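Visitor: This is the content of protein04.txt (compact mmCIF, C-alpha atoms):
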```txt
# COMPACT_ATOMS: atom_id res chain seq x y z
CA LEU A 265 -34.51 7.32 -17.85
CA ALA A 266 -33.08 6.51 -14.44
CA PRO A 267 -35.23 4.19 -12.29
CA THR A 268 -37.19 5.72 -9.47
CA CYS A 269 -36.90 4.99 -5.78
CA ARG A 270 -39.87 4.00 -3.66
CA VAL A 271 -39.63 4.77 0.04
CA ASN A 272 -41.86 3.20 2.67
CA ALA A 273 -43.26 6.18 4.53
CA MET A 274 -44.12 3.98 7.53
CA MET A 275 -40.48 3.17 8.24
CA ALA A 276 -38.41 5.28 10.61
CA PRO A 277 -36.88 8.32 8.89
CA LEU A 278 -33.11 8.62 8.61
CA LEU A 279 -31.17 11.50 10.04
CA ARG A 280 -30.62 14.41 7.65
CA LEU A 281 -28.53 13.41 4.64
CA LEU A 282 -25.77 15.59 3.25
CA ARG A 283 -25.75 16.31 -0.46
CA PRO A 284 -23.25 14.47 -2.67
CA THR A 285 -20.37 16.54 -4.05
CA VAL A 286 -19.39 16.53 -7.72
CA LEU A 287 -15.65 15.86 -8.01
CA PHE A 288 -15.39 15.62 -11.80
CA THR A 289 -17.65 15.65 -14.82
CA ASN A 290 -17.26 15.66 -18.59
CA ASN A 291 -19.30 14.29 -21.50
CA HIS A 292 -18.57 10.69 -20.51
CA LEU A 293 -18.06 10.45 -16.75
CA LEU A 294 -19.48 11.78 -13.51
CA VAL A 295 -17.47 11.33 -10.32
CA ILE A 296 -19.03 12.21 -6.96
CA ASN A 297 -18.33 11.94 -3.25
CA LYS A 298 -21.21 9.99 -1.70
CA PRO A 299 -22.10 10.88 1.88
CA PRO A 300 -23.31 8.05 4.13
CA GLY A 301 -27.03 7.29 4.01
CA TRP A 302 -27.51 7.39 0.23
CA SER A 303 -28.37 4.19 -1.61
CA SER A 304 -26.23 3.68 -4.73
CA MET A 305 -29.17 2.07 -6.52
CA PRO A 306 -32.96 2.27 -6.14
CA THR A 307 -34.36 0.08 -3.38
CA LYS A 308 -37.84 -0.76 -2.14
CA SER A 309 -36.86 -2.24 1.20
CA GLU A 310 -34.89 0.53 2.95
CA PRO A 311 -35.93 4.10 3.85
CA VAL A 312 -33.01 5.67 2.02
CA LYS A 313 -32.64 8.19 -0.74
CA CYS A 314 -31.64 7.03 -4.19
CA LEU A 315 -28.38 8.60 -5.30
CA LEU A 316 -29.06 7.72 -8.93
CA GLN A 317 -32.45 9.42 -8.88
CA TYR A 318 -31.06 12.49 -7.15
CA LEU A 319 -28.22 12.97 -9.66
CA THR A 320 -30.48 12.63 -12.69
CA SER A 321 -32.98 15.05 -11.15
CA LYS A 322 -30.16 17.60 -11.00
CA GLY A 323 -29.42 17.20 -14.71
CA LEU A 324 -26.04 15.59 -14.12
CA GLY A 325 -26.56 12.70 -16.54
CA GLY A 326 -25.72 12.41 -20.21
CA GLY A 327 -27.79 12.44 -23.37
CA SER A 328 -30.08 15.15 -24.70
CA LYS A 329 -32.28 14.96 -21.60
CA LYS A 330 -29.35 14.70 -19.15
CA THR A 331 -30.83 11.51 -17.68
CA PHE A 332 -28.45 8.83 -18.98
CA LEU A 333 -26.49 7.70 -15.93
CA ILE A 334 -25.15 4.25 -15.08
CA PRO A 335 -23.43 3.43 -11.76
CA LEU A 336 -20.12 1.73 -12.55
CA HIS A 337 -19.77 0.26 -9.05
CA ARG A 338 -21.46 0.50 -5.66
CA ILE A 339 -20.78 1.73 -2.17
CA ASP A 340 -22.76 0.33 0.75
CA GLN A 341 -25.57 2.61 1.89
CA PRO A 342 -24.12 3.46 5.37
CA CYS A 343 -20.62 4.04 3.93
CA SER A 344 -19.20 6.99 2.01
CA GLY A 345 -16.75 7.88 -0.70
CA ILE A 346 -15.92 8.21 -4.36
CA MET A 347 -18.35 6.85 -6.96
CA PHE A 348 -18.16 6.72 -10.76
CA PHE A 349 -21.10 7.01 -13.15
CA ALA A 350 -21.13 6.61 -16.92
CA LYS A 351 -22.88 9.32 -18.92
CA THR A 352 -22.50 7.46 -22.23
CA SER A 353 -22.66 3.83 -23.32
CA LYS A 354 -19.04 4.13 -24.48
CA ALA A 355 -17.90 5.09 -20.99
CA ALA A 356 -19.97 2.31 -19.40
CA SER A 357 -18.42 -0.28 -21.70
CA ARG A 358 -14.80 0.86 -21.40
CA VAL A 359 -14.75 1.44 -17.64
CA THR A 360 -16.60 -1.81 -16.92
CA LYS A 361 -14.01 -3.66 -19.01
CA ILE A 362 -11.00 -2.29 -17.08
CA TRP A 363 -12.81 -2.89 -13.79
CA LYS A 364 -13.32 -6.56 -14.68
CA ARG A 365 -9.68 -6.86 -15.75
CA ARG A 366 -8.64 -5.55 -12.31
CA LEU A 367 -6.82 -2.55 -13.71
CA VAL A 368 -8.46 -0.09 -11.29
CA GLU A 369 -6.78 0.46 -7.92
CA LYS A 370 -9.06 1.55 -5.08
CA CYS A 371 -8.04 2.92 -1.69
CA TYR A 372 -10.27 3.00 1.40
CA TYR A 373 -9.93 4.28 4.95
CA CYS A 374 -11.67 2.65 7.89
CA VAL A 375 -11.96 3.67 11.53
CA LEU A 376 -12.06 0.70 13.87
CA GLU A 377 -14.35 0.47 16.88
CA ASN A 378 -11.42 -0.45 19.16
CA SER A 379 -7.68 0.05 19.07
CA ILE A 380 -5.52 -2.59 17.43
CA GLN A 381 -4.12 -4.47 20.41
CA GLN A 382 -1.32 -6.41 18.73
CA ARG A 383 0.46 -5.68 15.48
CA SER A 384 2.57 -8.30 13.78
CA SER A 385 3.67 -5.62 11.33
CA ASP A 386 3.25 -1.92 10.68
CA GLY A 387 3.48 -2.56 6.94
CA TRP A 388 1.02 -3.96 4.43
CA GLN A 389 -0.77 -7.19 5.34
CA VAL A 390 -3.07 -9.43 3.28
CA LEU A 391 -6.54 -10.72 4.18
CA ASN A 392 -8.24 -13.22 1.91
CA GLY A 393 -10.91 -15.89 1.77
CA TRP A 394 -14.03 -17.08 -0.02
CA ILE A 395 -17.28 -15.14 0.22
CA SER A 396 -20.89 -16.23 -0.31
CA GLN A 397 -24.40 -15.04 0.47
CA GLY A 398 -25.08 -15.08 4.22
CA ARG A 399 -28.06 -16.59 5.98
CA SER A 400 -29.34 -13.20 7.11
CA LYS A 401 -30.72 -10.91 4.44
CA GLY A 402 -28.23 -8.31 3.32
CA THR A 403 -25.13 -10.03 4.73
CA VAL A 404 -22.34 -12.18 3.33
CA LYS A 405 -20.52 -15.15 4.83
CA LEU A 406 -16.76 -15.61 4.81
CA LEU A 407 -15.52 -19.14 4.09
CA SER A 408 -12.12 -20.71 4.75
CA LYS A 409 -12.15 -22.74 1.53
CA GLU A 410 -13.79 -22.77 -1.89
CA GLN A 411 -17.42 -23.84 -2.08
CA GLN A 412 -20.09 -23.75 -4.76
CA ASN A 413 -21.18 -20.20 -5.67
CA ALA A 414 -18.40 -18.73 -3.49
CA ARG A 415 -16.02 -16.06 -4.76
CA TYR A 416 -12.36 -15.62 -3.86
CA ILE A 417 -11.55 -12.17 -2.44
CA TRP A 418 -8.56 -10.39 -0.94
CA ILE A 419 -7.45 -7.00 0.32
CA ASP A 420 -4.19 -5.37 1.41
CA TRP A 421 -4.33 -3.31 4.60
CA ARG A 422 -2.03 -1.44 6.94
CA PRO A 423 -2.47 0.44 10.22
CA ILE A 424 -2.16 4.22 10.11
CA SER A 425 -2.83 4.71 13.83
CA ASP A 426 -4.33 2.65 16.64
CA ARG A 427 -7.81 2.87 15.07
CA LEU A 428 -7.33 4.17 11.53
CA ILE A 429 -6.39 1.72 8.76
CA GLU A 430 -5.86 1.97 5.01
CA VAL A 431 -7.18 -0.70 2.63
CA ARG A 432 -6.27 -1.22 -1.02
CA THR A 433 -7.76 -3.59 -3.55
CA LYS A 434 -8.36 -4.08 -7.26
CA ILE A 435 -11.49 -6.18 -6.89
CA GLY A 436 -14.96 -5.60 -5.50
CA ALA A 437 -17.68 -7.70 -3.89
CA LYS A 438 -20.62 -7.01 -1.62
CA HIS A 439 -19.46 -6.17 1.92
CA MET A 440 -16.01 -7.55 1.07
CA ILE A 441 -13.92 -5.21 3.21
CA ARG A 442 -16.37 -5.24 6.10
CA ALA A 443 -16.55 -9.05 6.19
CA LEU A 444 -12.79 -9.61 5.87
CA LEU A 445 -11.88 -7.10 8.57
CA GLY A 446 -14.65 -8.34 10.85
CA SER A 447 -13.40 -11.92 10.54
CA GLU A 448 -10.09 -10.79 12.07
CA GLY A 449 -11.71 -8.88 14.92
CA LEU A 450 -11.03 -5.56 13.18
CA PHE A 451 -14.58 -4.28 13.56
CA ILE A 452 -15.34 -1.05 11.70
CA ALA A 453 -16.94 1.61 13.88
CA GLY A 454 -20.72 1.53 13.48
CA ASP A 455 -20.75 -1.76 11.56
CA LEU A 456 -23.27 -3.72 13.62
CA ARG A 457 -23.64 -6.36 10.88
CA TYR A 458 -20.02 -7.41 11.11
CA GLY A 459 -19.11 -7.27 14.76
CA ALA A 460 -19.28 -3.70 16.05
CA ARG A 461 -21.08 -3.42 19.38
CA LYS A 462 -22.22 0.18 19.09
CA GLY A 463 -23.79 2.15 16.27
CA LEU A 464 -22.78 5.69 15.38
CA PRO A 465 -25.17 8.61 16.00
CA ASP A 466 -25.88 9.05 12.28
CA ARG A 467 -26.12 5.26 11.68
CA SER A 468 -23.16 5.37 9.31
CA VAL A 469 -20.33 2.86 9.03
CA ALA A 470 -16.83 4.37 9.20
CA LEU A 471 -15.61 3.04 5.86
CA HIS A 472 -14.74 5.64 3.22
CA ALA A 473 -13.80 4.97 -0.41
CA TYR A 474 -10.98 7.50 -0.60
CA SER A 475 -9.47 7.24 -4.07
CA VAL A 476 -9.60 5.51 -7.45
CA ALA A 477 -6.73 5.23 -9.91
CA LEU A 478 -7.65 4.41 -13.52
CA PRO A 479 -5.11 3.04 -16.01
CA ASN A 480 -3.46 5.54 -18.34
CA SER A 481 -4.72 3.50 -21.26
CA LEU A 482 -8.32 4.62 -20.68
CA LYS A 483 -9.40 7.17 -23.31
CA LEU A 484 -12.69 9.01 -22.92
CA GLY A 485 -13.03 12.32 -24.70
CA ASP A 486 -11.08 15.07 -22.94
CA LEU A 487 -10.32 12.93 -19.88
CA LYS A 488 -6.76 13.87 -18.89
CA GLN A 489 -6.56 12.72 -15.28
CA ASN A 490 -6.58 9.14 -14.08
CA TYR A 491 -6.46 9.67 -10.31
CA PHE A 492 -9.43 10.86 -8.24
CA GLU A 493 -9.79 11.26 -4.49
CA SER A 494 -12.51 12.38 -2.08
CA SER A 495 -12.59 14.03 1.34
CA ILE A 496 -13.54 11.95 4.36
CA PRO A 497 -16.88 12.71 6.05
CA ARG A 498 -16.76 15.82 8.19
CA HIS A 499 -18.26 13.99 11.14
CA TRP A 500 -15.12 11.82 11.44
CA TYR A 501 -13.50 14.74 13.26
CA LYS A 502 -16.42 14.96 15.68
CA TYR A 503 -16.62 11.21 16.30
CA PHE A 504 -12.96 10.19 16.04
CA ASN A 505 -10.86 13.39 15.98
CA ILE A 506 -9.66 12.48 12.46
CA LYS A 507 -9.16 15.20 9.84
CA HIS A 508 -8.55 14.91 6.10
CA ASN A 509 -4.97 16.14 6.59
CA ASP A 510 -4.31 13.11 8.79
CA LEU A 511 -4.83 10.95 5.69
CA TYR A 512 -2.64 13.17 3.55
CA ASN A 513 0.22 13.02 6.05
CA SER A 514 -0.02 9.22 6.17
CA ARG A 515 0.49 9.00 2.39
CA HIS A 516 3.56 11.24 2.20
```
Kindly transcribe the structure held in the file into structure tokens.

Guide:
Amino acid sequence: LAPTCRVNAMMAPLLRLLRPTVLFTNNHLLVINKPPGWSSMPTKSEPVKCLLQYLTSKGLGGGSKKTFLIPLHRIDQPCSGIMFFAKTSKAASRVTKIWKRRLVEKCYYCVLENSIQQRSSDGWQVLNGWISQGRSKGTVKLLSKEQQNARYIWIDWRPISDRLIEVRTKIGAKHMIRALLGSEGLFIAGDLRYGARKGLPDRSVALHAYSVALPNSLKLGDLKQNYFESSIPRHWYKYFNIKHNDLYNSRH
């Protein structure tokens, strides 16, 4: 049975959350588009809704009781995008294995708080470093060299417009993209933890997990597709005048 989420009723309520959208489901996998504001996993410290609890309450899990559901990765609570859940132990084992072997390619879009002032290149660029737990609770610290308990991370990124950038990676770590971009002065809109000066009206961070490409070698029941993508939050048009078609045009 999925764990429950305890919310502190004394804490300030969040703005209204949008419901997650189911992008794909079969006997083994559930793929959804997570709106900002949902916690990927149960938490006792933040006044957020538990995505895991919500999905199981809707009977979207596996097993005879439709409650078997394991998150295969996470998306930060104020961010949005595509998320994978295992509905069987077989799916959890196989997908976790390819994730650890870095065979899964993930694409993100971020809106920056300010325009990129200087571009050394309009093509793909690399950001890397070592990451460790930060001093403040819920943050990470970027290091210039290897230290004990630090993890090496990297991303590829390119500018799409003055404020919109695309990020690709085959690895994952807590706040990895936010910390790497922030270290270069590329502050994501609404990301007060990593350099942004202003929050967004809905308290979201303008980082969206856009797509996931699984290797063709993955076999799970009647799974025939290996590429999944999700629409950007609708409020991006209101806040930044960015539509989903703007992303499509940038990729073709």

Visitor: Under the rule that only C-alpha atoms are counted, which of A:Val368, A:Ile429, A:Cys343, A:Ile334 is the nearest residue to Gln389 of chain A?

Guide: A:Ile429

Visitor: Suppose you want the space between atom CA of Glu377 of chain A and atom CA of Phe451 of chain A; what is it in Å?

Guide: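 Between atom CA of Glu377 of chain A and atom CA of Phe451 of chain A the gap is 5.8 Å.
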
Visitor: How far is it from atom CA of His439 of chain A to atom CA of Leu511 of chain A, in Å with one decimal?

Guide: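 So the answer is 22.8 Å.
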
Visitor: Quick one, how far is atom CA of Lys405 of chain A from atom CA of Gly459 of chain A?

Guide: 12.8 Å

Visitor: Which residues are close to Ser408 of chain A, i.e. within 9 Å by only C-alpha atoms, leaving aside same-chain residues fewer than 6 positions away? Reply as a PyMOL selection string.

Guide: chain A and resi 392-395
